[in-house]
Structures are given as C-alpha cells and as structure tokens.
file protein_8.pdb (PDB, C-alpha atoms)
ATOM      1  CA  MET A   1      10.375   6.241 -13.323  1.00  0.00           C
ATOM      2  CA  ARG A   2      13.107   6.724 -15.829  1.00  0.00           C
ATOM      3  CA  GLY A   3      15.479   9.643 -15.524  1.00  0.00           C
ATOM      4  CA  GLY A   4      13.723  12.946 -16.111  1.00  0.00           C
ATOM      5  CA  GLU A   5      10.197  11.486 -16.349  1.00  0.00           C
ATOM      6  CA  THR A   6       7.344  12.957 -14.374  1.00  0.00           C
ATOM      7  CA  PRO A   7       4.942  10.590 -12.630  1.00  0.00           C
ATOM      8  CA  ALA A   8       2.338  11.308 -15.336  1.00  0.00           C
ATOM      9  CA  GLU A   9       4.792  10.576 -18.153  1.00  0.00           C
ATOM     10  CA  THR A  10       5.734   7.328 -16.428  1.00  0.00           C
ATOM     11  CA  ALA A  11       2.082   6.292 -16.152  1.00  0.00           C
ATOM     12  CA  VAL A  12       1.491   6.913 -19.868  1.00  0.00           C
ATOM     13  CA  ARG A  13       4.646   4.984 -20.834  1.00  0.00           C
ATOM     14  CA  GLU A  14       3.866   2.084 -18.510  1.00  0.00           C
ATOM     15  CA  ALA A  15       0.329   1.769 -19.949  1.00  0.00           C
ATOM     16  CA  ARG A  16       1.835   1.564 -23.444  1.00  0.00           C
ATOM     17  CA  ASP A  17       4.683  -0.806 -22.526  1.00  0.00           C
ATOM     18  CA  GLU A  18       2.823  -3.121 -20.162  1.00  0.00           C
ATOM     19  CA  LEU A  19      -0.748  -3.091 -21.534  1.00  0.00           C
ATOM     20  CA  GLY A  20      -0.256  -2.011 -25.154  1.00  0.00           C
ATOM     21  CA  VAL A  21      -2.572   0.996 -24.934  1.00  0.00           C
ATOM     22  CA  THR A  22      -2.384   4.751 -25.329  1.00  0.00           C
ATOM     23  CA  VAL A  23      -4.044   6.595 -22.470  1.00  0.00           C
ATOM     24  CA  VAL A  24      -5.088  10.093 -21.565  1.00  0.00           C
ATOM     25  CA  LEU A  25      -4.643  10.546 -17.849  1.00  0.00           C
ATOM     26  CA  GLY A  26      -7.354  11.835 -15.593  1.00  0.00           C
ATOM     27  CA  PRO A  27      -6.806  13.028 -12.050  1.00  0.00           C
ATOM     28  CA  ARG A  28      -4.168  11.593  -9.766  1.00  0.00           C
ATOM     29  CA  LEU A  29      -6.088   9.417  -7.302  1.00  0.00           C
ATOM     30  CA  LEU A  30      -3.453   8.592  -4.718  1.00  0.00           C
ATOM     31  CA  ILE A  31       0.180   9.087  -3.784  1.00  0.00           C
ATOM     32  CA  GLU A  32       1.592   6.464  -1.438  1.00  0.00           C
ATOM     33  CA  GLU A  33       4.919   5.237  -0.136  1.00  0.00           C
ATOM     34  CA  PHE A  34       5.620   1.596  -1.003  1.00  0.00           C
ATOM     35  CA  ARG A  35       8.860  -0.200  -0.212  1.00  0.00           C
ATOM     36  CA  GLY A  36      10.726   3.084   0.121  1.00  0.00           C
ATOM     37  CA  GLU A  37       9.420   4.597  -3.138  1.00  0.00           C
ATOM     38  CA  THR A  38       6.691   7.131  -3.845  1.00  0.00           C
ATOM     39  CA  VAL A  39       3.990   5.602  -6.063  1.00  0.00           C
ATOM     40  CA  HIS A  40       1.435   7.693  -7.987  1.00  0.00           C
ATOM     41  CA  TYR A  41      -1.939   6.273  -9.086  1.00  0.00           C
ATOM     42  CA  PHE A  42      -3.930   7.994 -11.843  1.00  0.00           C
ATOM     43  CA  SER A  43      -7.270   7.449 -13.482  1.00  0.00           C
ATOM     44  CA  GLY A  44      -7.037   7.120 -17.238  1.00  0.00           C
ATOM     45  CA  LEU A  45      -8.961   6.679 -20.460  1.00  0.00           C
ATOM     46  CA  ILE A  46      -7.796   4.299 -23.192  1.00  0.00           C
ATOM     47  CA  VAL A  47      -7.706   6.200 -26.499  1.00  0.00           C
ATOM     48  CA  GLY A  48      -5.699   3.859 -28.700  1.00  0.00           C
ATOM     49  CA  GLY A  49      -3.563   0.765 -29.015  1.00  0.00           C
ATOM     50  CA  GLU A  50      -4.513  -2.854 -28.498  1.00  0.00           C
ATOM     51  CA  LEU A  51      -5.198  -3.922 -24.936  1.00  0.00           C
ATOM     52  CA  GLY A  52      -3.189  -7.018 -24.077  1.00  0.00           C
ATOM     53  CA  SER A  53      -0.462  -6.448 -26.674  1.00  0.00           C
ATOM     54  CA  GLY A  54       2.063  -5.281 -24.060  1.00  0.00           C
ATOM     55  CA  THR A  55       4.139  -7.282 -21.618  1.00  0.00           C
ATOM     56  CA  LEU A  56       1.279  -7.954 -19.151  1.00  0.00           C
ATOM     57  CA  GLU A  57      -2.076  -9.677 -19.614  1.00  0.00           C
ATOM     58  CA  PRO A  58      -4.895  -7.529 -18.179  1.00  0.00           C
ATOM     59  CA  GLU A  59      -7.522  -8.990 -15.877  1.00  0.00           C
ATOM     60  CA  TRP A  60     -11.072  -7.656 -15.869  1.00  0.00           C
ATOM     61  CA  PHE A  61     -13.607  -7.529 -13.071  1.00  0.00           C
ATOM     62  CA  ASP A  62     -16.349  -5.174 -11.925  1.00  0.00           C
ATOM     63  CA  VAL A  63     -15.121  -2.322  -9.715  1.00  0.00           C
ATOM     64  CA  ALA A  64     -17.824  -3.236  -7.205  1.00  0.00           C
ATOM     65  CA  GLU A  65     -15.999  -6.557  -6.692  1.00  0.00           C
ATOM     66  CA  LEU A  66     -12.766  -4.864  -5.484  1.00  0.00           C
ATOM     67  CA  PRO A  67     -13.533  -5.381  -1.781  1.00  0.00           C
ATOM     68  CA  HIS A  68     -13.530  -9.156  -2.431  1.00  0.00           C
ATOM     69  CA  TYR A  69      -9.936  -9.100  -3.738  1.00  0.00           C
ATOM     70  CA  ASP A  70      -6.637  -8.397  -2.009  1.00  0.00           C
ATOM     71  CA  VAL A  71      -6.118  -5.142  -3.921  1.00  0.00           C
ATOM     72  CA  ARG A  72      -3.152  -3.059  -2.832  1.00  0.00           C
ATOM     73  CA  PRO A  73      -3.044  -0.345  -1.830  1.00  0.00           C
ATOM     74  CA  ARG A  74      -6.307  -0.725   0.094  1.00  0.00           C
ATOM     75  CA  ALA A  75      -6.725   3.060  -0.012  1.00  0.00           C
ATOM     76  CA  LEU A  76      -6.956   2.928  -3.824  1.00  0.00           C
ATOM     77  CA  ALA A  77      -9.654   0.234  -3.660  1.00  0.00           C
ATOM     78  CA  ALA A  78     -11.578   2.427  -1.221  1.00  0.00           C
ATOM     79  CA  ILE A  79     -11.270   5.450  -3.538  1.00  0.00           C
ATOM     80  CA  LEU A  80     -12.473   3.475  -6.558  1.00  0.00           C
ATOM     81  CA  THR A  81     -15.465   1.950  -4.767  1.00  0.00           C
ATOM     82  CA  GLY A  82     -16.448   5.017  -2.774  1.00  0.00           C
ATOM     83  CA  GLY A  83     -15.759   3.150   0.453  1.00  0.00           C
TER
END
call {"tool": "encode", "arguments": {"input": "protein_8.pdb", "output": "structure tokens"}}
result
Amino acid sequence: MRGGETPAETAVREARDELGVTVVLGPRLLIEEFRGETVHYFSGLIVGGELGSGTLEPEWFDVAELPHYDVRPRALAAILTGG
C-alpha cells in the first residue's frame, strides 16, 4: 500500500497498474498475514481497461482447477472453490 491508501484503494490501483483493468470491488474475501504484512484479498468485477496491458500477464484457468495448483494462500483457494 502506498501512503494513505486503504486496502480497497490499493486493490483497485494494483488491478489497473498490474493487469491494465478498471475494477469494481466486491466483498473482501480474506485478510491474512504474509511475511510480516497484512494482505487483503477482494473479489472484483472488471468494468474497463484492457486485460494484459499492465505490467503482468494474466493466466486463466477454471476455478474448479484451483486445488490442482499450488495457490497461496490455501485459505483463498478454499474460499473460491467452496472447499
């Protein structure tokens, strides 16, 4: 997070910077400590921009396939798959 940003504002900015999209956030799904920092995970809906035009290249797969990948945090994978 940058100085003065809320976790939600950071999530919106990171989606724009890293993926090239504008998002509307849904509910916060998880808050977890990782390497001494508090990390917030939100659901979101893409409402604009061009996916893949940011600094990262997105990877797509079916949510049902999450248990077959080493997704971290595991708690987020469980939330997304209902497991």
call {"tool": "resolve_selection", "arguments": {"input": "protein_8.pdb", "expression": "the PyMOL selection byres ((chain A and resi 77) around 12)", "output": "PyMOL selection string"}}
result
chain A and resi 29-30+41+62-76+78-83
call {"tool": "resolve_selection", "arguments": {"input": "protein_8.pdb", "expression": "the PyMOL selection byres ((chain A and resi 19) around 12)", "output": "compact mmCIF listing (two decimals) with C-alpha atoms, keeping the file's coordinate frame"}}
result
# COMPACT_ATOMS: atom_id res chain seq x y z
CA ALA A 11 2.08 6.29 -16.15
CA VAL A 12 1.49 6.91 -19.87
CA ARG A 13 4.65 4.98 -20.83
CA GLU A 14 3.87 2.08 -18.51
CA ALA A 15 0.33 1.77 -19.95
CA ARG A 16 1.84 1.56 -23.44
CA ASP A 17 4.68 -0.81 -22.53
CA GLU A 18 2.82 -3.12 -20.16
CA GLY A 20 -0.26 -2.01 -25.15
CA VAL A 21 -2.57 1.00 -24.93
CA THR A 22 -2.38 4.75 -25.33
CA VAL A 23 -4.04 6.60 -22.47
CA ILE A 46 -7.80 4.30 -23.19
CA GLY A 48 -5.70 3.86 -28.70
CA GLY A 49 -3.56 0.76 -29.02
CA GLU A 50 -4.51 -2.85 -28.50
CA LEU A 51 -5.20 -3.92 -24.94
CA GLY A 52 -3.19 -7.02 -24.08
CA SER A 53 -0.46 -6.45 -26.67
CA GLY A 54 2.06 -5.28 -24.06
CA THR A 55 4.14 -7.28 -21.62
CA LEU A 56 1.28 -7.95 -19.15
CA GLU A 57 -2.08 -9.68 -19.61
CA PRO A 58 -4.89 -7.53 -18.18
CA GLU A 59 -7.52 -8.99 -15.88
call {"tool": "atom_distance", "arguments": {"input": "protein_8.pdb", "atom1": "CA of Trp60 (chain A)", "atom2": "CA of Glu33 (chain A)"}}
result
25.9 Å
call {"tool": "atom_distance", "arguments": {"input": "protein_8.pdb", "atom1": "CA of Thr6 (chain A)", "atom2": "CA of Phe61 (chain A)"}}
result
29.3 Å
call {"tool": "axis_aligned_box", "arguments": {"input": "protein_8.pdb", "around": "region 17-28 of chain A", "padding_each_side": "3 Å", "output": "lines of an AutoDock Vina configuration file"}}
result
center_x = -1.3
center_y = 5.0
center_z = -17.5
size_x = 18.0
size_y = 22.1
size_z = 21.6
call {"tool": "atom_distance", "arguments": {"input": "protein_8.pdb", "atom1": "CA of Ile31 (chain A)", "atom2": "CA of Val47 (chain A)"}}
result
24.2 Å
